[in-house]
>>> print(open('upload.txt').read())   # compact mmCIF, C-alpha atoms and all ligand atoms
# COMPACT_ATOMS: atom_id res chain seq x y z
CA MET A 12 -28.73 -102.82 1.32
CA ARG A 13 -26.53 -100.45 3.28
CA ALA A 14 -26.82 -96.78 2.24
CA ILE A 15 -23.80 -94.85 1.02
CA GLN A 16 -23.19 -92.22 3.67
CA VAL A 17 -22.06 -88.73 2.75
CA GLY A 18 -20.57 -86.02 4.99
CA LEU A 19 -20.84 -82.40 3.91
CA ILE A 20 -18.32 -79.80 5.07
CA GLY A 21 -19.70 -76.30 4.42
CA PHE A 22 -23.41 -75.47 4.60
CA GLY A 23 -23.42 -72.30 2.50
CA THR A 24 -25.17 -71.51 -0.76
CA VAL A 25 -23.94 -74.53 -2.71
CA GLY A 26 -24.11 -76.81 0.34
CA THR A 27 -27.77 -75.91 0.77
CA GLY A 28 -28.34 -76.76 -2.90
CA VAL A 29 -26.66 -80.14 -2.39
CA VAL A 30 -28.93 -80.93 0.58
CA LYS A 31 -31.99 -79.95 -1.50
CA ILE A 32 -31.05 -82.14 -4.45
CA LEU A 33 -30.15 -85.13 -2.28
CA GLN A 34 -33.53 -84.80 -0.57
CA GLN A 35 -35.71 -84.02 -3.60
CA ASN A 36 -34.11 -86.49 -5.98
CA ALA A 37 -33.32 -89.26 -3.48
CA GLU A 38 -35.41 -91.83 -5.34
CA ILE A 39 -33.91 -91.22 -8.77
CA ILE A 40 -30.39 -91.06 -7.29
CA GLU A 41 -30.93 -94.45 -5.63
CA LYS A 42 -32.12 -95.88 -8.95
CA ARG A 43 -29.00 -94.56 -10.65
CA VAL A 44 -26.53 -95.64 -7.99
CA GLY A 45 -28.05 -98.97 -6.98
CA ARG A 46 -27.97 -98.01 -3.30
CA SER A 47 -29.48 -95.11 -1.42
CA VAL A 48 -27.22 -92.10 -0.86
CA VAL A 49 -27.77 -90.49 2.52
CA LEU A 50 -26.38 -87.27 3.92
CA SER A 51 -25.46 -88.32 7.44
CA ARG A 52 -23.50 -85.31 8.71
CA ILE A 53 -23.19 -81.60 7.85
CA ALA A 54 -20.34 -79.63 9.42
CA ASP A 55 -20.34 -75.84 9.48
CA LEU A 56 -19.21 -73.22 11.98
CA ASP A 57 -22.72 -71.78 11.83
CA VAL A 58 -25.34 -74.38 12.65
CA LYS A 59 -27.96 -71.84 13.77
CA THR A 60 -28.92 -69.88 10.64
CA ASP A 61 -32.12 -71.01 8.95
CA ARG A 62 -31.18 -72.01 5.39
CA GLY A 63 -34.82 -72.57 4.45
CA ILE A 64 -34.38 -76.33 4.38
CA LYS A 65 -35.12 -78.96 6.99
CA VAL A 66 -32.42 -81.46 7.85
CA PRO A 67 -32.82 -84.48 10.17
CA ASP A 68 -32.20 -83.79 13.85
CA GLY A 69 -28.65 -84.30 15.05
CA ILE A 70 -26.86 -84.24 11.70
CA LEU A 71 -25.53 -80.69 12.05
CA THR A 72 -22.19 -80.32 13.79
CA THR A 73 -19.54 -77.66 14.20
CA LYS A 74 -16.80 -80.34 14.31
CA VAL A 75 -15.34 -81.53 11.01
CA ASP A 76 -13.87 -84.52 12.85
CA ASP A 77 -17.41 -85.82 13.32
CA ILE A 78 -17.23 -86.46 9.57
CA LEU A 79 -13.55 -87.33 9.11
CA ASP A 80 -13.49 -89.74 12.08
CA ASP A 81 -16.74 -91.47 11.18
CA PRO A 82 -15.85 -94.82 9.56
CA ASP A 83 -19.34 -95.14 8.06
CA ILE A 84 -19.01 -91.96 5.99
CA GLU A 85 -17.63 -92.99 2.60
CA ILE A 86 -17.86 -89.73 0.68
CA VAL A 87 -16.73 -86.33 1.99
CA VAL A 88 -17.92 -83.17 0.22
CA GLU A 89 -15.78 -80.08 0.78
CA LEU A 90 -17.62 -76.84 0.09
CA ILE A 91 -15.89 -74.32 2.33
CA GLY A 92 -13.57 -72.97 -0.38
CA GLY A 93 -10.15 -71.34 0.04
CA HIS A 94 -6.82 -73.01 0.71
CA GLU A 95 -6.84 -73.88 4.41
CA PRO A 96 -8.35 -75.66 6.20
CA ALA A 97 -9.99 -77.08 3.04
CA LYS A 98 -6.73 -78.70 1.85
CA ARG A 99 -6.10 -80.33 5.21
CA PHE A 100 -9.64 -81.73 5.37
CA ILE A 101 -9.37 -83.14 1.84
CA LEU A 102 -5.98 -84.75 2.46
CA GLN A 103 -7.20 -86.23 5.74
CA ALA A 104 -10.28 -87.65 4.03
CA ILE A 105 -8.11 -89.21 1.30
CA GLU A 106 -5.78 -90.66 3.92
CA ARG A 107 -8.80 -92.27 5.54
CA LYS A 108 -9.86 -93.74 2.17
CA LYS A 109 -12.94 -91.60 1.87
CA SER A 110 -13.86 -90.45 -1.64
CA VAL A 111 -13.78 -86.67 -1.94
CA VAL A 112 -15.94 -84.19 -3.83
CA THR A 113 -14.91 -80.54 -3.97
CA ALA A 114 -15.92 -77.38 -5.81
CA ASN A 115 -12.75 -75.60 -4.72
CA LYS A 116 -11.18 -74.13 -7.87
CA ALA A 117 -8.69 -71.88 -6.04
CA LEU A 118 -7.37 -74.87 -4.09
CA LEU A 119 -7.12 -77.10 -7.17
CA ALA A 120 -5.48 -74.37 -9.25
CA ASP A 121 -2.89 -73.62 -6.56
CA HIS A 122 -2.41 -77.03 -4.86
CA GLY A 123 -4.06 -79.48 -7.24
CA GLU A 124 -0.87 -81.50 -7.73
CA GLU A 125 -0.65 -82.34 -4.04
CA ILE A 126 -4.26 -83.44 -3.93
CA PHE A 127 -4.09 -85.40 -7.18
CA GLU A 128 -0.89 -87.13 -6.09
CA ALA A 129 -2.53 -88.13 -2.80
CA SER A 130 -5.52 -89.44 -4.77
CA PHE A 131 -3.29 -91.54 -7.07
CA LYS A 132 -1.11 -92.86 -4.27
CA SER A 133 -4.06 -93.82 -2.08
CA ASN A 134 -6.23 -94.94 -4.98
CA VAL A 135 -9.04 -92.72 -3.71
CA ASP A 136 -11.44 -90.87 -6.00
CA VAL A 137 -11.60 -87.08 -6.07
CA GLY A 138 -14.44 -85.42 -8.00
CA PHE A 139 -14.34 -81.73 -8.83
CA GLU A 140 -16.91 -81.17 -11.58
CA ALA A 141 -18.31 -78.14 -9.74
CA SER A 142 -14.95 -76.34 -9.71
CA VAL A 143 -15.37 -75.13 -13.31
CA GLY A 144 -18.45 -73.82 -15.06
CA GLY A 145 -20.97 -74.43 -12.25
CA GLY A 146 -23.52 -76.88 -13.61
CA ILE A 147 -21.81 -77.39 -16.99
CA PRO A 148 -20.30 -80.90 -17.23
CA ILE A 149 -16.95 -79.64 -18.50
CA ILE A 150 -14.64 -81.75 -16.34
CA ARG A 151 -16.35 -84.96 -17.34
CA SER A 152 -16.31 -83.83 -20.99
CA LEU A 153 -12.55 -83.41 -20.84
CA THR A 154 -11.79 -86.56 -18.86
CA GLU A 155 -14.31 -88.91 -20.49
CA GLY A 156 -16.56 -87.67 -23.31
CA LEU A 157 -13.73 -86.13 -25.34
CA ALA A 158 -10.95 -88.42 -24.12
CA ALA A 159 -10.44 -89.77 -27.66
CA ASN A 160 -9.21 -86.38 -28.83
CA ARG A 161 -5.98 -84.51 -28.92
CA MET A 162 -7.40 -81.23 -27.64
CA THR A 163 -6.17 -78.21 -29.55
CA SER A 164 -8.06 -75.36 -27.94
CA ILE A 165 -10.15 -74.42 -24.92
CA MET A 166 -11.68 -71.01 -25.01
CA GLY A 167 -14.54 -69.56 -23.10
CA ILE A 168 -16.45 -67.45 -20.69
CA MET A 169 -15.53 -68.92 -17.34
CA ASN A 170 -16.73 -66.22 -14.97
CA GLY A 171 -20.39 -65.30 -14.71
CA THR A 172 -19.96 -62.12 -12.68
CA SER A 173 -17.69 -60.44 -15.21
CA ASN A 174 -19.84 -61.65 -18.08
CA TYR A 175 -22.88 -60.13 -16.41
CA ILE A 176 -21.07 -56.79 -16.05
CA LEU A 177 -19.72 -56.83 -19.63
CA THR A 178 -23.13 -57.74 -21.05
CA ARG A 179 -24.70 -54.78 -19.29
CA MET A 180 -21.89 -52.41 -20.26
CA THR A 181 -22.36 -53.48 -23.89
CA ASN A 182 -26.15 -53.25 -23.90
CA GLU A 183 -26.57 -50.14 -21.75
CA HIS A 184 -23.44 -48.19 -22.79
CA ARG A 185 -22.64 -47.57 -19.14
CA ASP A 186 -19.30 -47.60 -17.35
CA PHE A 187 -17.78 -50.51 -15.45
CA SER A 188 -17.91 -48.85 -12.01
CA GLU A 189 -21.59 -47.92 -12.32
CA ILE A 190 -22.66 -51.42 -13.38
CA LEU A 191 -20.43 -53.03 -10.73
CA GLN A 192 -22.15 -51.06 -7.97
CA GLU A 193 -25.55 -52.17 -9.25
CA ALA A 194 -24.38 -55.77 -9.63
CA LYS A 195 -23.27 -55.73 -5.97
CA ARG A 196 -26.66 -54.42 -4.85
CA GLU A 197 -28.44 -57.07 -6.93
CA GLY A 198 -26.27 -59.88 -5.52
CA TYR A 199 -24.53 -60.63 -8.85
CA ALA A 200 -21.15 -59.44 -7.55
CA GLU A 201 -19.48 -60.05 -4.19
CA ALA A 202 -18.71 -57.16 -1.84
CA ASP A 203 -15.06 -57.79 -2.80
CA PRO A 204 -15.41 -58.62 -6.50
CA SER A 205 -11.67 -58.67 -7.28
CA LEU A 206 -11.36 -62.44 -7.86
CA ASP A 207 -14.09 -62.21 -10.48
CA VAL A 208 -13.43 -58.87 -12.20
CA ASP A 209 -9.63 -59.17 -12.15
CA GLY A 210 -9.82 -62.47 -14.04
CA ILE A 211 -8.34 -64.58 -11.23
CA ASP A 212 -11.37 -66.84 -10.86
CA ALA A 213 -11.34 -67.48 -14.63
CA ALA A 214 -7.59 -68.20 -14.45
CA HIS A 215 -8.17 -70.77 -11.66
CA LYS A 216 -10.68 -72.53 -13.89
CA LEU A 217 -8.43 -72.31 -16.95
CA ALA A 218 -5.54 -73.84 -14.96
CA ILE A 219 -7.73 -76.82 -14.07
CA MET A 220 -8.94 -77.32 -17.65
CA VAL A 221 -5.50 -76.98 -19.26
CA ASN A 222 -4.17 -79.54 -16.79
CA LEU A 223 -6.82 -82.06 -17.84
CA ALA A 224 -6.80 -81.28 -21.56
CA TYR A 225 -3.06 -81.43 -22.10
CA GLY A 226 -1.86 -83.61 -19.23
CA THR A 227 0.41 -81.00 -17.72
CA PRO A 228 0.38 -79.06 -14.46
CA VAL A 229 0.02 -75.29 -14.83
CA ARG A 230 1.04 -72.74 -12.24
CA MET A 231 -1.19 -69.72 -11.74
CA SER A 232 1.86 -67.48 -12.13
CA GLU A 233 2.25 -68.80 -15.70
CA ILE A 234 -1.22 -67.64 -16.75
CA PHE A 235 -1.30 -64.09 -18.09
CA THR A 236 -4.32 -62.56 -16.35
CA GLU A 237 -6.00 -59.26 -17.09
CA GLY A 238 -9.46 -58.26 -15.84
CA ILE A 239 -12.28 -56.05 -17.05
CA SER A 240 -12.09 -53.05 -14.72
CA LYS A 241 -10.23 -50.80 -17.16
CA LEU A 242 -12.49 -51.44 -20.14
CA SER A 243 -14.22 -48.49 -21.71
CA THR A 244 -17.64 -48.41 -23.38
CA VAL A 245 -16.01 -46.38 -26.19
CA ASP A 246 -14.26 -49.57 -27.32
CA MET A 247 -17.44 -51.58 -27.03
CA GLU A 248 -19.15 -49.12 -29.39
CA PHE A 249 -16.33 -49.38 -31.92
CA ALA A 250 -16.31 -53.14 -31.54
CA LYS A 251 -20.02 -53.25 -32.33
CA GLU A 252 -19.47 -51.32 -35.57
CA LEU A 253 -16.72 -53.72 -36.49
CA GLY A 254 -18.93 -56.77 -35.87
CA LEU A 255 -17.14 -57.67 -32.65
CA THR A 256 -18.24 -58.25 -29.04
CA MET A 257 -16.15 -57.91 -25.87
CA LYS A 258 -15.89 -60.95 -23.59
CA LEU A 259 -13.56 -61.95 -20.77
CA LEU A 260 -12.11 -65.16 -22.15
CA GLY A 261 -9.96 -67.88 -20.72
CA ILE A 262 -7.82 -69.28 -23.53
CA GLY A 263 -5.77 -72.46 -23.52
CA LYS A 264 -4.23 -73.53 -26.82
CA LEU A 265 -1.76 -76.23 -27.67
CA ARG A 266 0.78 -74.79 -30.09
CA GLU A 267 3.28 -77.42 -31.20
CA GLN A 268 5.45 -78.04 -28.14
CA SER A 269 4.02 -75.34 -25.89
CA ILE A 270 0.78 -74.06 -24.46
CA GLU A 271 -0.81 -70.64 -24.47
CA ALA A 272 -2.71 -70.04 -21.23
CA ARG A 273 -4.19 -66.59 -20.78
CA VAL A 274 -7.22 -64.72 -19.45
CA HIS A 275 -8.04 -61.26 -20.78
CA PRO A 276 -10.79 -59.18 -22.34
CA THR A 277 -11.13 -60.41 -25.90
CA LEU A 278 -13.04 -59.25 -28.95
CA VAL A 279 -14.85 -62.08 -30.69
CA PRO A 280 -17.03 -62.07 -33.83
CA THR A 281 -20.55 -61.03 -32.84
CA GLY A 282 -21.96 -63.97 -34.80
CA SER A 283 -19.97 -66.58 -32.84
CA PRO A 284 -21.74 -68.72 -30.21
CA ILE A 285 -19.53 -67.31 -27.43
CA ALA A 286 -20.56 -63.73 -28.26
CA GLN A 287 -24.23 -64.64 -27.73
CA VAL A 288 -23.62 -65.74 -24.15
CA GLY A 289 -25.08 -63.05 -21.91
CA GLY A 290 -25.53 -62.40 -18.20
CA VAL A 291 -24.17 -64.85 -15.68
CA TYR A 292 -24.00 -67.74 -18.10
CA ASN A 293 -20.73 -69.52 -18.98
CA ALA A 294 -19.81 -71.11 -22.29
CA ILE A 295 -16.74 -73.12 -23.13
CA HIS A 296 -15.68 -73.75 -26.71
CA LEU A 297 -13.49 -76.81 -27.07
CA VAL A 298 -11.74 -78.01 -30.19
CA GLY A 299 -10.54 -81.59 -30.50
CA ASP A 300 -8.78 -83.09 -33.49
CA ALA A 301 -11.44 -85.75 -34.00
CA VAL A 302 -14.64 -84.14 -32.75
CA GLY A 303 -14.03 -80.62 -34.09
CA ASP A 304 -15.91 -77.88 -32.25
CA VAL A 305 -17.94 -78.46 -29.10
CA VAL A 306 -19.60 -75.66 -27.16
CA LEU A 307 -20.86 -76.27 -23.64
CA TYR A 308 -23.22 -73.64 -22.31
CA GLY A 309 -25.07 -73.23 -19.02
CA LYS A 310 -25.28 -71.63 -15.63
CA GLY A 311 -21.77 -71.10 -14.31
CA ALA A 312 -22.78 -70.33 -10.74
CA GLY A 313 -25.68 -70.42 -8.32
CA SER A 314 -26.85 -72.79 -5.63
CA LEU A 315 -28.68 -75.49 -7.61
CA PRO A 316 -26.62 -75.45 -10.84
CA THR A 317 -23.37 -75.82 -8.89
CA ALA A 318 -24.96 -78.37 -6.55
CA SER A 319 -26.05 -80.32 -9.64
CA ALA A 320 -22.37 -80.81 -10.47
CA VAL A 321 -21.50 -81.70 -6.86
CA VAL A 322 -24.27 -84.30 -6.64
CA GLY A 323 -23.27 -85.64 -10.07
CA ASP A 324 -19.84 -86.32 -8.56
CA ILE A 325 -21.37 -87.88 -5.43
CA ILE A 326 -23.35 -90.23 -7.69
CA ASP A 327 -20.28 -91.09 -9.74
CA LEU A 328 -18.17 -91.87 -6.68
CA ALA A 329 -21.04 -93.74 -5.01
CA ARG A 330 -21.34 -95.92 -8.14
CA ASN A 331 -17.63 -96.66 -7.91
CA ARG A 332 -18.09 -97.68 -4.29
CA VAL A 333 -21.02 -99.95 -5.20
CA ASN A 334 -18.88 -101.58 -7.89
CA GLN A 335 -15.82 -101.64 -5.63
CA VAL A 336 -13.66 -99.72 -8.08
CA SER A 337 -11.79 -96.47 -7.65
CA CYS A 338 -9.81 -94.09 -9.83
CA ARG A 339 -11.23 -95.76 -12.95
CA VAL A 340 -11.03 -92.27 -14.43
CA PRO A 341 -7.82 -90.57 -13.27
CA PRO A 342 -8.59 -87.17 -11.73
CA THR A 343 -5.92 -85.66 -13.97
CA SER A 344 -7.48 -87.36 -17.02
CA PHE A 345 -4.01 -88.62 -18.02
CA GLN A 346 -2.48 -91.41 -15.94
CA TRP A 347 -0.25 -89.86 -13.30
CA GLU A 348 3.01 -91.31 -14.67
CA GLN A 349 2.08 -90.32 -18.24
CA ARG A 350 1.87 -86.60 -17.56
CA GLN A 351 4.58 -84.37 -18.94
CA ALA A 352 5.51 -80.81 -18.16
CA ILE A 353 4.69 -78.84 -21.31
CA PRO A 354 6.08 -75.30 -21.26
CA ILE A 355 3.65 -72.40 -21.06
CA LYS A 356 4.48 -69.76 -23.65
CA PRO A 357 5.50 -66.39 -22.22
CA MET A 358 2.89 -63.80 -23.15
CA ALA A 359 5.42 -61.96 -25.34
CA ASN A 360 5.57 -65.00 -27.63
CA ILE A 361 1.87 -65.55 -28.19
CA GLU A 362 0.17 -64.55 -31.41
CA SER A 363 -3.16 -62.82 -31.62
CA MET A 364 -5.05 -60.32 -33.72
CA TYR A 365 -5.17 -56.88 -32.15
CA TYR A 366 -7.52 -53.92 -31.83
CA LEU A 367 -5.63 -50.67 -31.23
CA ARG A 368 -7.39 -47.41 -30.43
CA CYS A 369 -5.01 -44.51 -30.82
CA MET A 370 -6.11 -41.05 -29.73
CA VAL A 371 -4.57 -38.87 -32.42
CA LYS A 372 -4.53 -35.30 -33.65
CA ASP A 373 -6.80 -35.10 -36.68
CA GLN A 374 -4.24 -33.95 -39.24
CA PRO A 375 -2.73 -35.25 -42.49
CA ASN A 376 -0.06 -37.93 -42.39
CA VAL A 377 -1.05 -39.43 -39.00
CA LEU A 378 -2.13 -42.78 -40.37
CA SER A 379 1.02 -43.18 -42.45
CA LYS A 380 3.21 -42.54 -39.39
CA ILE A 381 1.36 -45.11 -37.28
CA SER A 382 1.10 -47.69 -40.05
CA GLY A 383 4.80 -47.14 -40.77
CA ILE A 384 5.71 -48.10 -37.20
CA LEU A 385 3.41 -51.13 -37.29
CA GLY A 386 4.87 -52.19 -40.65
CA ALA A 387 8.42 -51.81 -39.37
CA HIS A 388 7.55 -54.33 -36.63
CA GLY A 389 6.07 -56.77 -39.13
CA ILE A 390 2.49 -56.04 -38.10
CA SER A 391 -0.05 -56.15 -40.89
CA ILE A 392 -3.19 -53.98 -40.70
CA SER A 393 -6.55 -55.55 -41.59
CA SER A 394 -8.78 -52.47 -41.23
CA VAL A 395 -8.87 -48.89 -40.01
CA LEU A 396 -11.76 -46.86 -38.66
CA GLN A 397 -11.81 -43.18 -37.87
CA LYS A 398 -14.93 -41.56 -36.54
CA GLY A 399 -15.66 -37.85 -36.68
CA ARG A 400 -13.70 -35.06 -38.29
CA LYS A 401 -12.23 -32.48 -35.95
CA ALA A 402 -9.34 -30.85 -37.77
CA GLY A 403 -6.43 -30.31 -35.37
CA GLN A 404 -8.28 -31.88 -32.43
CA THR A 405 -8.04 -35.36 -30.90
CA VAL A 406 -10.03 -38.18 -32.49
CA PRO A 407 -9.99 -41.95 -32.03
CA LEU A 408 -8.33 -43.98 -34.75
CA VAL A 409 -9.06 -47.69 -34.52
CA ILE A 410 -6.73 -50.15 -36.22
CA LEU A 411 -7.29 -53.90 -36.47
CA THR A 412 -4.30 -56.09 -37.19
CA HIS A 413 -3.82 -59.50 -38.69
CA ARG A 414 -2.28 -62.17 -36.48
CA SER A 415 0.90 -60.72 -34.96
CA GLN A 416 3.31 -61.44 -32.18
CA GLU A 417 2.51 -59.81 -28.83
CA ALA A 418 6.09 -58.64 -28.28
CA ALA A 419 6.16 -56.88 -31.66
CA VAL A 420 2.85 -55.16 -30.96
CA GLN A 421 4.01 -53.99 -27.52
CA LEU A 422 7.23 -52.58 -28.99
CA ALA A 423 5.32 -50.83 -31.78
CA LEU A 424 2.93 -49.34 -29.21
CA GLN A 425 5.81 -47.88 -27.22
CA GLU A 426 6.94 -46.06 -30.36
CA ILE A 427 3.41 -45.01 -31.32
CA ASN A 428 2.68 -43.68 -27.84
CA ALA A 429 5.83 -41.58 -27.98
CA LEU A 430 4.66 -39.74 -31.12
CA PRO A 431 3.75 -36.09 -30.45
CA LEU A 432 0.47 -36.56 -32.31
CA ILE A 433 -0.74 -39.13 -29.74
CA SER A 434 -2.65 -37.57 -26.86
CA GLU A 435 -3.07 -40.57 -24.52
CA PRO A 436 -1.78 -44.16 -24.28
CA THR A 437 -3.20 -46.39 -26.98
CA THR A 438 -5.79 -48.97 -25.95
CA LEU A 439 -4.82 -52.52 -26.84
CA LEU A 440 -7.35 -55.33 -27.00
CA ARG A 441 -6.79 -58.83 -28.29
CA MET A 442 -9.13 -60.47 -30.78
CA GLU A 443 -9.84 -64.13 -31.45
CA GLU A 444 -11.53 -65.67 -34.43
CA MET A 445 -13.67 -68.55 -33.26
CA GLU A 446 -13.03 -71.57 -35.50
N1 LIG B 501 -17.73 -66.33 -8.95
C1 LIG B 501 -17.93 -67.25 -10.03
C2 LIG B 501 -18.49 -66.52 -11.23
C3 LIG B 501 -18.87 -68.37 -9.72
O1 LIG B 501 -18.86 -65.35 -11.15
O2 LIG B 501 -18.58 -67.16 -12.26
C4 LIG B 501 -18.26 -69.52 -9.03
O3 LIG B 501 -17.26 -70.12 -9.80
>>> encode(input="upload.txt", output="structure tokens")
Amino acid sequence: MRAIQVGLIGFGTVGTGVVKILQQNAEIIEKRVGRSVVLSRIADLDVKTDRGIKVPDGILTTKVDDILDDPDIEIVVELIGGHEPAKRFILQAIERKKSVVTANKALLADHGEEIFEASFKSNVDVGFEASVGGGIPIIRSLTEGLAANRMTSIMGIMNGTSNYILTRMTNEHRDFSEILQEAKREGYAEADPSLDVDGIDAAHKLAIMVNLAYGTPVRMSEIFTEGISKLSTVDMEFAKELGLTMKLLGIGKLREQSIEARVHPTLVPTGSPIAQVGGVYNAIHLVGDAVGDVVLYGKGAGSLPTASAVVGDIIDLARNRVNQVSCRVPPTSFQWEQRQAIPIKPMANIESMYYLRCMVKDQPNVLSKISGILGAHGISISSVLQKGRKAGQTVPLVILTHRSQEAAVQLALQEINALPLISEPTTLLRMEEME
């Protein structure tokens, strides 16, 4: 029987992992697909560097058209990342009725609608399991395994680099910049780590998941995004005493007729599964109305874990080809014509619990002034912690609130920060209870 031929665009870290898996697990893949799956072309601008893996003579090329123009290649894998030329290659492949696999979260978050529309119109499969959570099967969980549910919440650690840095800051009580420098030297952070540490990478992934979970497109500009670079170990110490752990979370919640979509440092109960996730691991906590809580945990990056997701998609799309079906599972999870634009709540309207660290003069009546302002804005305090006793000097006063509206908290903070007894702007962190 004729093999299913695959063309790979991008022979980098993940591409190398894909080649390894397709070679090492060829037999088991054939048993699962019903036909052999063969990598017939690899396109990359650099065909000279030794990637530590042997590929058959003549399959490397610097010309993407050797893949796109080849009528025998049925599945195109895009692993170059970024917007262009990746988008053009994907749209050309779809136009030529080739199934597409991509790990490109930035492209899907920013231009997913164009690609999904092309997929629907041409009835061509697009797989993108590797775009979120590396090797964790989150996309398939949302589109298939949990498809019976009305999803109510998606919350999780979606970026391994920032989780690695936060874990070390928490455990070693050392500052962000120090750990970041070490993480770069150790290869855990890119030379330009901004996509990871500024929360943008997590926001890309959240945009993709919210789209699938709720059947609505989400623009990146609608996702409130705050990174980890301004976090202080002082707050991590206080958090520890309060039974809380700091994580960079992506949060997508369905609240009646609107959606909360936000990425920011978040304090979570230290006993919750998400708080236990250390290093470069990812974990995504989903809540569905029928299934209840589901936590998916695993390696969110790396050559073989990410390639595992890519090859899983290749197998899925190859099976469709063998069975002569396509788009059995819509890439958007919801049927294209059944999707509805659900408004994303402005950040000012979200509700959260808050951790406030005020730097105050240690003198009588301070707490009553601050709690008075919070009370006047309808914000209820759940606990207060003051460490140290330095009469007349500055000390940290930590206040935890019950669930309150963001806009009210921001207004209260403006008033608090204007008090003469406050020596520096108050630190605000959001807290989530994990159901
Ligand atoms: N840069 C990402 C992370 C991995 O640190 O999680 C790829 O999505």
>>> closest_atom_pairs(input="upload.txt", of="chain A", to="ligand LIG 501 (chain B)", cutoff="10 Å", atoms="all atoms listed in the file", output="Markdown table")
| residue | atom | partner | partner_atom | distance |
| --- | --- | --- | --- | --- |
| A:Val25 | CA | B:LIG501 | C4 | 9.9 |
| A:Ala114 | CA | B:LIG501 | O3 | 8.4 |
| A:Asn115 | CA | B:LIG501 | O3 | 8.7 |
| A:Lys116 | CA | B:LIG501 | O3 | 7.5 |
| A:Ala117 | CA | B:LIG501 | O3 | 9.5 |
| A:Ala141 | CA | B:LIG501 | O3 | 8.1 |
| A:Ser142 | CA | B:LIG501 | O3 | 6.6 |
| A:Val143 | CA | B:LIG501 | O3 | 6.4 |
| A:Gly144 | CA | B:LIG501 | O3 | 6.5 |
| A:Gly145 | CA | B:LIG501 | O3 | 6.2 |
| A:Gly146 | CA | B:LIG501 | O3 | 10.0 |
| A:Ile168 | CA | B:LIG501 | O2 | 8.7 |
| A:Met169 | CA | B:LIG501 | O2 | 6.2 |
| A:Asn170 | CA | B:LIG501 | O2 | 3.4 |
| A:Gly171 | CA | B:LIG501 | O2 | 3.6 |
| A:Thr172 | CA | B:LIG501 | O1 | 3.7 |
| A:Ser173 | CA | B:LIG501 | O1 | 6.5 |
| A:Asn174 | CA | B:LIG501 | O1 | 7.9 |
| A:Tyr175 | CA | B:LIG501 | O1 | 8.4 |
| A:Tyr199 | CA | B:LIG501 | O1 | 7.7 |
| A:Ala200 | CA | B:LIG501 | O1 | 7.3 |
| A:Glu201 | CA | B:LIG501 | N1 | 8.1 |
| A:Pro204 | CA | B:LIG501 | N1 | 8.4 |
| A:Ser205 | CA | B:LIG501 | N1 | 9.9 |
| A:Leu206 | CA | B:LIG501 | N1 | 7.5 |
| A:Asp207 | CA | B:LIG501 | N1 | 5.7 |
| A:Val208 | CA | B:LIG501 | O1 | 8.5 |
| A:Gly210 | CA | B:LIG501 | O1 | 9.9 |
| A:Ile211 | CA | B:LIG501 | N1 | 9.8 |
| A:Asp212 | CA | B:LIG501 | C1 | 6.6 |
| A:Ala213 | CA | B:LIG501 | O2 | 7.6 |
| A:His215 | CA | B:LIG501 | O3 | 9.3 |
| A:Lys216 | CA | B:LIG501 | O3 | 8.1 |
| A:Val291 | CA | B:LIG501 | O2 | 6.9 |
| A:Tyr292 | CA | B:LIG501 | O2 | 8.0 |
| A:Asn293 | CA | B:LIG501 | O2 | 7.4 |
| A:Lys310 | CA | B:LIG501 | O2 | 8.7 |
| A:Gly311 | CA | B:LIG501 | O2 | 5.5 |
| A:Ala312 | CA | B:LIG501 | C3 | 4.5 |
| A:Gly313 | CA | B:LIG501 | C3 | 7.2 |
| A:Ser314 | CA | B:LIG501 | C4 | 9.8 |
| A:Thr317 | CA | B:LIG501 | C4 | 8.1 |
>>> residues_around(input="upload.txt", residues="Ile53 in chain A", least_positions_apart="5", cutoff="10 Å", atoms="all atoms listed in the file", output="ChimeraX atom specification")
/A:17-22,26,30,58,66,69-75,77-78,87-88
>>> residues_around(input="upload.txt", residues="range 329-340 of chain A", least_positions_apart="6", cutoff="12 Å", atoms="only C-alpha atoms", output="JSON, numbers by chain")
{"A": [12, 13, 14, 15, 16, 17, 40, 41, 42, 43, 44, 45, 46, 47, 48, 49, 84, 85, 86, 87, 108, 109, 110, 111, 112, 127, 128, 129, 130, 131, 132, 133, 134, 135, 136, 137, 138, 150, 151, 152, 153, 154, 155, 156, 158, 223, 322, 323, 346, 347]}
>>> closest_atom_pairs(input="upload.txt", of="range 232-316 of chain A", to="range 177-188 of chain A", cutoff="10 Å", atoms="all atoms listed in the file", output="Markdown table")
| residue | atom | partner | partner_atom | distance |
| --- | --- | --- | --- | --- |
| A:Ile239 | CA | A:Leu177 | CA | 7.9 |
| A:Ser240 | CA | A:Phe187 | CA | 6.3 |
| A:Lys241 | CA | A:Phe187 | CA | 7.7 |
| A:Leu242 | CA | A:Phe187 | CA | 7.1 |
| A:Ser243 | CA | A:Asp186 | CA | 6.8 |
| A:Thr244 | CA | A:His184 | CA | 5.8 |
| A:Val245 | CA | A:His184 | CA | 8.4 |
| A:Asp246 | CA | A:Thr181 | CA | 9.6 |
| A:Met247 | CA | A:Thr181 | CA | 6.1 |
| A:Glu248 | CA | A:Thr181 | CA | 7.7 |
| A:Ala250 | CA | A:Thr181 | CA | 9.8 |
| A:Lys251 | CA | A:Thr181 | CA | 8.8 |
| A:Thr256 | CA | A:Thr181 | CA | 8.1 |
| A:Met257 | CA | A:Leu177 | CA | 7.3 |
| A:Lys258 | CA | A:Leu177 | CA | 6.9 |
| A:Leu259 | CA | A:Leu177 | CA | 8.1 |
| A:Pro276 | CA | A:Leu177 | CA | 9.6 |
| A:Ala286 | CA | A:Thr178 | CA | 9.7 |
| A:Gln287 | CA | A:Thr178 | CA | 9.7 |
| A:Val288 | CA | A:Thr178 | CA | 8.6 |
| A:Gly289 | CA | A:Thr178 | CA | 5.7 |
| A:Gly290 | CA | A:Thr178 | CA | 6.0 |
| A:Val291 | CA | A:Thr178 | CA | 9.0 |
